[in-house]
>>> print(open('input20.tsv').read())   # TSV, C-alpha atoms
chain	number	residue	atom	x	y	z
V	56	MET	CA	0.00	0.00	0.00
V	57	LYS	CA	1.28	3.48	-0.88
V	58	VAL	CA	2.27	5.53	2.15
V	59	THR	CA	-0.21	8.26	1.22
V	60	GLU	CA	-3.03	5.69	1.26
V	61	GLN	CA	-2.19	4.18	4.63
V	62	PRO	CA	-4.83	4.53	7.38
V	63	SER	CA	-4.81	7.72	9.42
V	64	ARG	CA	-3.23	7.60	12.86
V	65	TYR	CA	-6.48	9.09	14.15
V	66	SER	CA	-9.94	7.58	14.40
V	67	ASP	CA	-13.51	8.41	15.37
V	68	LEU	CA	-13.01	11.83	13.80
V	69	GLU	CA	-16.72	12.51	13.44
V	70	HIS	CA	-17.03	12.45	17.25
V	71	THR	CA	-13.90	14.51	17.97
V	72	PRO	CA	-14.46	18.03	19.39
V	73	THR	CA	-13.58	20.88	17.06
V	74	ARG	CA	-10.68	22.19	19.17
V	75	LEU	CA	-9.09	18.75	19.32
V	76	LEU	CA	-9.58	18.23	15.56
V	77	LEU	CA	-7.71	21.45	14.87
V	78	GLU	CA	-4.92	20.62	17.29
V	79	GLU	CA	-4.44	17.19	15.74
V	80	ILE	CA	-4.42	18.54	12.18
V	81	ASN	CA	-1.89	21.15	13.25
V	82	ARG	CA	0.25	18.48	14.91
V	83	GLU	CA	0.40	16.56	11.66
V	84	ASP	CA	1.13	19.72	9.66
V	85	LEU	CA	4.08	20.56	11.90
V	86	SER	CA	5.85	17.39	10.75
V	87	VAL	CA	5.89	18.46	7.09
V	88	PRO	CA	8.68	21.09	7.11
V	89	VAL	CA	11.00	18.62	8.84
V	90	ILE	CA	10.42	16.09	6.05
V	91	VAL	CA	10.92	18.75	3.39
V	92	ALA	CA	14.21	19.77	5.01
V	93	GLY	CA	15.51	16.29	4.28
V	94	CYS	CA	14.81	16.91	0.58
V	95	ILE	CA	16.97	20.03	0.35
V	96	PRO	CA	20.00	18.30	-1.25
V	97	ALA	CA	17.82	17.08	-4.13
V	98	ILE	CA	16.04	20.45	-4.38
V	99	ALA	CA	19.40	22.22	-4.56
V	100	ARG	CA	20.58	19.96	-7.38
V	101	LEU	CA	17.38	20.69	-9.28
V	102	VAL	CA	17.59	24.47	-8.77
V	103	ASP	CA	21.21	24.57	-10.00
V	104	ALA	CA	20.34	22.46	-13.03
V	105	ILE	CA	17.33	24.64	-13.88
V	106	VAL	CA	19.35	27.86	-13.58
V	107	GLU	CA	22.02	26.48	-15.89
V	108	ARG	CA	19.38	25.62	-18.48
V	109	MET	CA	17.47	28.86	-18.12
V	110	GLN	CA	20.65	30.80	-18.77
V	111	ARG	CA	20.60	29.08	-22.15
V	112	GLY	CA	16.95	29.99	-22.73
V	113	GLY	CA	15.30	27.00	-21.05
V	114	ARG	CA	11.98	26.88	-19.23
V	115	VAL	CA	10.33	24.91	-16.43
V	116	PHE	CA	7.17	22.91	-17.04
V	117	TYR	CA	4.95	21.48	-14.32
V	118	ALA	CA	2.60	18.57	-15.05
V	119	GLY	CA	0.09	17.34	-12.51
V	120	SER	CA	-3.51	16.49	-11.77
V	121	GLY	CA	-5.94	17.39	-9.02
V	122	THR	CA	-4.40	19.19	-6.05
V	123	SER	CA	-0.87	18.66	-7.37
V	124	GLY	CA	-1.77	20.13	-10.74
V	125	ARG	CA	-3.49	23.13	-9.16
V	126	LEU	CA	-0.44	23.84	-7.02
V	127	GLY	CA	1.70	23.84	-10.15
V	128	VAL	CA	-0.66	26.28	-11.86
V	129	VAL	CA	-0.59	28.60	-8.84
V	130	ASP	CA	3.21	28.57	-8.63
V	131	ALA	CA	3.74	29.16	-12.36
V	132	SER	CA	1.13	31.93	-12.53
V	133	GLU	CA	2.80	33.90	-9.73
V	134	ILE	CA	6.20	34.17	-11.43
V	135	PRO	CA	5.43	36.98	-13.95
V	136	PRO	CA	3.83	39.45	-11.48
V	137	THR	CA	6.28	38.69	-8.68
V	138	TYR	CA	9.50	38.75	-10.67
V	139	GLY	CA	8.64	40.42	-13.97
V	140	ALA	CA	9.60	37.27	-15.85
V	141	ASP	CA	8.11	36.15	-19.16
V	142	ASP	CA	4.81	34.28	-18.96
V	143	GLY	CA	6.29	31.13	-20.45
V	144	LEU	CA	9.33	30.85	-18.19
V	145	PHE	CA	7.33	28.65	-15.82
V	146	HIS	CA	4.37	26.90	-17.44
V	147	ALA	CA	1.98	24.42	-15.84
V	148	VAL	CA	-0.35	21.89	-17.41
V	149	ILE	CA	-3.08	20.11	-15.47
V	150	ALA	CA	-5.03	16.98	-16.36
V	151	GLY	CA	-8.38	18.06	-17.76
V	152	GLY	CA	-7.17	21.51	-18.83
V	153	ASP	CA	-7.85	24.89	-17.25
V	154	GLY	CA	-11.37	23.86	-16.33
V	155	ALA	CA	-9.91	21.35	-13.88
V	156	ILE	CA	-8.43	24.19	-11.83
V	157	ARG	CA	-11.89	24.87	-10.39
V	158	LYS	CA	-13.72	21.60	-10.90
V	159	ALA	CA	-12.49	18.01	-11.03
V	160	VAL	CA	-12.50	16.45	-14.50
V	161	GLU	CA	-13.15	12.76	-13.95
V	162	GLY	CA	-10.76	10.36	-15.65
V	163	ALA	CA	-8.50	13.08	-17.09
V	164	GLU	CA	-5.49	11.95	-15.08
V	165	ASP	CA	-5.74	8.38	-16.41
V	166	ARG	CA	-4.76	9.29	-19.99
V	167	THR	CA	-1.09	8.40	-20.34
V	168	ASP	CA	-0.29	10.56	-23.38
V	169	ALA	CA	-2.37	13.58	-22.36
V	170	GLY	CA	0.31	15.28	-20.26
V	171	TRP	CA	2.90	15.33	-23.01
V	172	ASN	CA	0.30	16.32	-25.61
V	173	ASP	CA	-0.63	19.29	-23.42
V	174	LEU	CA	3.01	20.38	-23.41
V	175	LEU	CA	3.65	20.01	-27.14
V	176	PRO	CA	2.28	23.48	-28.07
V	177	MET	CA	5.16	24.91	-26.00
V	178	ASN	CA	7.70	23.10	-28.22
V	179	PRO	CA	9.65	21.55	-25.32
V	180	GLY	CA	13.35	21.00	-25.94
V	181	PRO	CA	16.60	19.85	-24.32
V	182	ASP	CA	17.17	23.07	-22.34
V	183	ASP	CA	13.76	22.74	-20.68
V	184	THR	CA	12.87	20.97	-17.43
V	185	LEU	CA	9.74	18.97	-16.67
V	186	ILE	CA	8.75	18.54	-13.03
V	187	GLY	CA	6.05	15.94	-12.50
V	188	LEU	CA	3.74	16.67	-9.57
V	189	THR	CA	1.95	13.70	-8.07
V	190	ALA	CA	1.55	12.76	-4.42
V	191	SER	CA	0.95	9.11	-5.31
V	192	GLY	CA	3.86	8.97	-7.74
V	193	GLN	CA	1.92	6.95	-10.28
V	194	THR	CA	-0.61	9.27	-11.95
V	195	PRO	CA	-0.65	8.18	-15.63
V	196	TYR	CA	-0.91	11.80	-16.87
V	197	VAL	CA	2.36	12.61	-15.10
V	198	VAL	CA	4.10	9.28	-15.73
V	199	GLY	CA	3.50	9.56	-19.46
V	200	ALA	CA	4.68	13.18	-19.58
V	201	LEU	CA	7.92	12.31	-17.80
V	202	ARG	CA	8.56	9.33	-20.05
V	203	HIS	CA	8.11	11.40	-23.22
V	204	ALA	CA	10.13	14.28	-21.76
V	205	GLY	CA	13.05	11.99	-20.99
V	206	GLU	CA	12.97	10.63	-24.53
V	207	ALA	CA	12.98	14.20	-25.88
V	208	GLY	CA	16.06	15.13	-23.85
V	209	LEU	CA	14.46	17.36	-21.22
V	210	LEU	CA	15.74	17.37	-17.66
V	211	THR	CA	13.18	15.35	-15.70
V	212	ALA	CA	12.28	15.76	-12.04
V	213	CYS	CA	9.35	15.00	-9.78
V	214	ILE	CA	7.82	15.95	-6.46
V	215	THR	CA	6.08	12.98	-4.86
V	216	CYS	CA	5.23	11.68	-1.40
V	217	ASN	CA	5.63	7.95	-2.03
V	218	PRO	CA	9.00	6.17	-2.30
V	219	ASP	CA	9.90	3.79	-5.13
V	220	SER	CA	7.23	5.14	-7.45
V	221	PRO	CA	7.11	5.19	-11.27
V	222	VAL	CA	7.78	8.95	-11.42
V	223	GLU	CA	10.82	8.57	-9.21
V	224	ALA	CA	12.21	5.95	-11.60
V	225	LEU	CA	11.60	8.27	-14.59
V	226	SER	CA	13.17	11.36	-12.99
V	227	GLN	CA	16.79	12.37	-13.17
V	228	ILE	CA	16.29	14.40	-10.01
V	229	PRO	CA	13.48	12.96	-7.90
V	230	ILE	CA	12.26	14.83	-4.82
V	231	VAL	CA	10.51	12.42	-2.49
V	232	ALA	CA	8.89	13.89	0.65
V	233	VAL	CA	7.44	10.96	2.59
V	234	VAL	CA	5.09	12.81	4.93
V	235	GLY	CA	3.24	9.69	6.05
V	236	PRO	CA	-0.47	8.89	6.28
V	237	GLU	CA	-2.90	11.79	6.01
V	238	PHE	CA	-5.10	12.99	8.88
V	239	VAL	CA	-8.10	11.93	6.80
V	240	THR	CA	-7.04	8.70	5.13
V	241	GLY	CA	-5.94	9.30	1.55
V	242	SER	CA	-6.69	13.06	1.54
V	243	THR	CA	-3.44	14.13	-0.09
V	244	ARG	CA	-4.54	17.75	-0.36
V	245	MET	CA	-3.43	17.95	3.28
V	246	LYS	CA	0.16	17.03	4.28
V	247	ALA	CA	1.21	15.90	0.81
V	248	GLY	CA	-0.19	19.07	-0.73
V	249	THR	CA	1.55	21.18	1.91
V	250	ALA	CA	4.86	19.48	1.17
V	251	GLU	CA	4.45	20.02	-2.57
V	252	LYS	CA	3.59	23.69	-2.04
V	253	LEU	CA	6.63	24.25	0.18
V	254	ILE	CA	8.94	22.59	-2.33
V	255	LEU	CA	7.50	24.51	-5.29
V	256	ASN	CA	8.02	27.75	-3.36
V	257	MET	CA	11.63	26.79	-2.71
V	258	ILE	CA	12.34	25.87	-6.33
V	259	SER	CA	10.81	28.86	-8.11
V	260	THR	CA	11.95	31.43	-5.53
V	261	SER	CA	15.53	30.16	-5.51
V	262	VAL	CA	15.65	30.05	-9.31
V	263	MET	CA	14.42	33.63	-9.59
V	264	ILE	CA	16.95	34.81	-7.01
V	265	ARG	CA	19.78	33.01	-8.82
V	266	LEU	CA	18.70	34.61	-12.11
V	267	GLY	CA	18.99	38.09	-10.62
V	268	HIS	CA	15.37	39.08	-10.08
V	269	VAL	CA	15.97	39.88	-6.40
V	270	ARG	CA	18.31	42.57	-5.11
V	271	GLY	CA	19.11	42.23	-1.43
V	272	ASN	CA	15.75	40.82	-0.40
V	273	ARG	CA	13.53	42.85	-2.74
V	274	MET	CA	11.55	41.91	-5.85
V	275	VAL	CA	13.07	44.59	-8.07
V	276	ASP	CA	11.35	43.42	-11.26
V	277	MET	CA	7.80	42.92	-9.94
V	278	GLN	CA	4.95	44.16	-12.10
V	279	LEU	CA	3.22	47.32	-10.88
V	280	THR	CA	-0.29	45.99	-11.41
V	281	ASN	CA	-2.12	47.44	-8.41
V	282	ASP	CA	-1.86	50.12	-5.73
V	283	LYS	CA	-0.41	47.74	-3.16
V	284	LEU	CA	2.50	46.85	-5.44
V	285	VAL	CA	3.09	50.48	-6.39
V	286	GLU	CA	3.26	51.37	-2.69
V	287	ARG	CA	5.66	48.49	-2.06
V	288	GLY	CA	7.80	49.50	-5.02
V	289	THR	CA	7.85	53.11	-3.82
V	290	ARG	CA	9.23	51.99	-0.46
V	291	PHE	CA	11.85	49.90	-2.25
V	292	VAL	CA	12.90	52.87	-4.38
V	293	MET	CA	13.14	55.11	-1.32
V	294	ASP	CA	15.28	52.57	0.50
V	295	GLU	CA	17.55	51.97	-2.48
V	296	THR	CA	18.05	55.63	-3.40
V	297	GLY	CA	17.78	57.39	-0.06
V	298	LEU	CA	14.93	59.56	-1.37
V	299	LYS	CA	12.81	60.99	1.46
V	300	ASP	CA	10.01	62.30	-0.74
V	301	ALA	CA	7.55	59.45	-1.26
V	302	GLU	CA	5.74	61.22	-4.10
V	303	ALA	CA	8.98	61.78	-5.96
V	304	ALA	CA	9.92	58.14	-5.51
V	305	ARG	CA	6.48	57.06	-6.71
V	306	SER	CA	6.71	59.26	-9.80
V	307	LEU	CA	10.18	57.92	-10.56
V	308	LEU	CA	8.91	54.37	-10.17
V	309	LEU	CA	5.88	54.81	-12.40
V	310	ALA	CA	7.91	56.53	-15.10
V	311	ALA	CA	10.53	53.77	-15.05
V	312	GLY	CA	8.12	50.83	-14.78
V	313	SER	CA	10.11	48.80	-12.28
V	314	VAL	CA	12.13	49.23	-9.11
V	315	ARG	CA	15.30	48.15	-10.88
V	316	GLU	CA	14.93	50.69	-13.69
V	317	ALA	CA	13.86	53.46	-11.29
V	318	VAL	CA	16.95	52.98	-9.12
V	319	GLU	CA	19.25	52.83	-12.14
V	320	ARG	CA	17.74	56.03	-13.58
V	321	TYR	CA	18.10	57.82	-10.26
V	322	LYS	CA	21.72	56.83	-9.88
V	323	LYS	CA	22.51	57.82	-13.45
V	324	GLN	CA	20.77	61.20	-13.12
V	325	ASN	CA	22.49	61.90	-9.83
V	326	HIS	CA	25.87	60.44	-10.82
V	327	VAL	CA	25.73	57.89	-8.03
V	328	THR	CA	28.33	55.11	-8.29
V	329	GLU	CA	28.24	51.76	-6.53
>>> encode(input="input20.tsv", output="structure tokens")
Amino acid sequence: MKVTEQPSRYSDLEHTPTRLLLEEINREDLSVPVIVAGCIPAIARLVDAIVERMQRGGRVFYAGSGTSGRLGVVDASEIPPTYGADDGLFHAVIAGGDGAIRKAVEGAEDRTDAGWNDLLPMNPGPDDTLIGLTASGQTPYVVGALRHAGEAGLLTACITCNPDSPVEALSQIPIVAVVGPEFVTGSTRMKAGTAEKLILNMISTSVMIRLGHVRGNRMVDMQLTNDKLVERGTRFVMDETGLKDAEAARSLLLAAGSVREAVERYKKQNHVTE
């Protein structure tokens, strides 16, 4: 039996008081970061390999279904606004298509060739990376995508929560976070989903930092798409330039279009050297 399908350590949940339910769920959740920490060597190898390929024009693809697929979509969709990167730098496909983001598409994950077919419009090549996302480690949609990706020369990786799975065997860099049985038996949107989310955060954030989209600890290339981000960018510009006038910093930011460009313009105009 797969680890993620093993019976919960808890029972009689329907008769458990609310406070105790929450405490027990939280107790299980607390174990996840410790498990993920053990995966850091594999995550580091993957990040370094991705950065090397992206410097040659490569991209990262996520393929998953259900919760795993949705987590991939969320992670990929956050890269452009957060780091000002191209939309296609991180690209996610999910079994059943975009409609499956909101509503389950029955049977979509069982089609072995569907994952790779969903990626073909992106013209995947040897400088690209495919990360298969599947808690069980055996979702046909993901297994098939990884098999085809390996044959096409892509770097292959996976994030799974079961050891000795098909996706692990097909991945050059497998990341296996064995978080144990779920609080509700088989509900992998819980600990397994949390582990996948943490690892995806680590991968994409580290890659963007390594590619130069963060200066110090600031997102200097973020898109200025709403008032909150403009205010944040204004603070960044003030900190980076020493400007005390918030309105001047805001005007500089909006004219430049990004924190990075605003700071560079200010330094050039004021003959500031590093």
>>> residues_around(input="input20.tsv", residues="Ser259 (chain V)", least_positions_apart="5", cutoff="10 Å", atoms="all atoms listed in the file", output="PDB file with C-alpha atoms, in the coordinates of the input")
ATOM      1  CA  VAL V 102      17.590  24.470  -8.770  1.00  0.00           C
ATOM      2  CA  ILE V 105      17.330  24.640 -13.880  1.00  0.00           C
ATOM      3  CA  VAL V 115      10.330  24.910 -16.430  1.00  0.00           C
ATOM      4  CA  ASP V 130       3.210  28.570  -8.630  1.00  0.00           C
ATOM      5  CA  ALA V 131       3.740  29.160 -12.360  1.00  0.00           C
ATOM      6  CA  GLU V 133       2.800  33.900  -9.730  1.00  0.00           C
ATOM      7  CA  ILE V 134       6.200  34.170 -11.430  1.00  0.00           C
ATOM      8  CA  PHE V 145       7.330  28.650 -15.820  1.00  0.00           C
ATOM      9  CA  ILE V 254       8.940  22.590  -2.330  1.00  0.00           C
ATOM     10  CA  ILE V 264      16.950  34.810  -7.010  1.00  0.00           C
ATOM     11  CA  ARG V 265      19.780  33.010  -8.820  1.00  0.00           C
TER      12      ARG V 265
END
>>> closest_atom_pairs(input="input20.tsv", of="region 112-173 of chain V", to="region 189-197 of chain V", cutoff="9 Å", atoms="all atoms listed in the file", output="CSV")
residue,atom,partner,partner_atom,distance
V:Ala118,CA,V:Val197,CA,6.0
V:Gly119,CA,V:Val197,CA,5.9
V:Ser120,CA,V:Thr189,CA,7.2
V:Gly121,CA,V:Thr189,CA,8.8
V:Thr122,CA,V:Thr189,CA,8.6
V:Ser123,CA,V:Thr189,CA,5.7
V:Gly124,CA,V:Thr189,CA,7.9
V:Ile149,CA,V:Tyr196,CA,8.7
V:Ala150,CA,V:Tyr196,CA,6.6
V:Ala163,CA,V:Tyr196,CA,7.7
V:Glu164,CA,V:Tyr196,CA,4.9
V:Asp165,CA,V:Pro195,CA,5.2
V:Arg166,CA,V:Tyr196,CA,5.6
V:Thr167,CA,V:Pro195,CA,4.7
V:Asp168,CA,V:Tyr196,CA,6.7
V:Ala169,CA,V:Tyr196,CA,6.0
V:Gly170,CA,V:Tyr196,CA,5.0
V:Trp171,CA,V:Tyr196,CA,8.0
>>> atom_distance(input="input20.tsv", atom1="CA of Lys57 (chain V)", atom2="CA of Ser242 (chain V)")
12.7 Å
>>> closest_atom_pairs(input="input20.tsv", of="region 204-294 of chain V", to="region 302-308 of chain V", cutoff="7 Å", atoms="all atoms listed in the file", output="Markdown table")
| residue | atom | partner | partner_atom | distance |
| --- | --- | --- | --- | --- |
| V:Thr289 | CA | V:Arg305 | CA | 5.1 |
| V:Val292 | CA | V:Ala304 | CA | 6.2 |
| V:Met293 | CA | V:Ala304 | CA | 6.1 |
>>> residues_around(input="input20.tsv", residues="Glu251 (chain V)", least_positions_apart="2", cutoff="10 Å", atoms="all atoms listed in the file", output="ChimeraX atom specification")
/V:87,91,122-123,126-127,188-190,214-216,230-232,244,246-249,253-257
>>> closest_residue(input="input20.tsv", among="V:Arg74, V:His326, V:Arg287, V:Arg108", to="Arg273 (chain V)", atoms="all atoms listed in the file")
V:Arg287
>>> residues_around(input="input20.tsv", residues="Pro229 (chain V)", least_positions_apart="2", cutoff="6 Å", atoms="all atoms listed in the file", output="VMD selection string")
chain V and resid 212 to 213 223 226
>>> atom_distance(input="input20.tsv", atom1="CA of Gly241 (chain V)", atom2="CA of Thr260 (chain V)")
29.3 Å
>>> atom_distance(input="input20.tsv", atom1="CA of Gly152 (chain V)", atom2="CA of Leu279 (chain V)")
28.9 Å
>>> closest_residue(input="input20.tsv", among="V:Thr280, V:Thr328, V:Thr184, V:Thr296", to="Phe116 (chain V)", atoms="only C-alpha atoms")
V:Thr184
>>> residues_around(input="input20.tsv", residues="Gly139 (chain V)", least_positions_apart="3", cutoff="9 Å", atoms="all atoms listed in the file", output="PDB file with C-alpha atoms, keeping the file's coordinate frame")
ATOM      1  CA  ILE V 134       6.200  34.170 -11.430  1.00  0.00           C
ATOM      2  CA  PRO V 135       5.430  36.980 -13.950  1.00  0.00           C
ATOM      3  CA  PRO V 136       3.830  39.450 -11.480  1.00  0.00           C
ATOM      4  CA  ASP V 142       4.810  34.280 -18.960  1.00  0.00           C
ATOM      5  CA  HIS V 268      15.370  39.080 -10.080  1.00  0.00           C
ATOM      6  CA  MET V 274      11.550  41.910  -5.850  1.00  0.00           C
ATOM      7  CA  VAL V 275      13.070  44.590  -8.070  1.00  0.00           C
ATOM      8  CA  ASP V 276      11.350  43.420 -11.260  1.00  0.00           C
ATOM      9  CA  MET V 277       7.800  42.920  -9.940  1.00  0.00           C
ATOM     10  CA  GLN V 278       4.950  44.160 -12.100  1.00  0.00           C
ATOM     11  CA  SER V 313      10.110  48.800 -12.280  1.00  0.00           C
TER      12      SER V 313
END
>>> closest_residue(input="input20.tsv", among="V:Asn217, V:Arg270, V:Arg290, V:Ala250", to="Val89 (chain V)", atoms="only C-alpha atoms")
V:Ala250
>>> residues_around(input="input20.tsv", residues="Asn172 (chain V)", least_positions_apart="5", cutoff="10 Å", atoms="all atoms listed in the file", output="PyMOL selection string")
chain V and resi 148+167+177+196+199-200+203
>>> closest_residue(input="input20.tsv", among="V:Met56, V:Val262, V:Phe291, V:Pro72", to="Asp103 (chain V)", atoms="only C-alpha atoms")
V:Val262
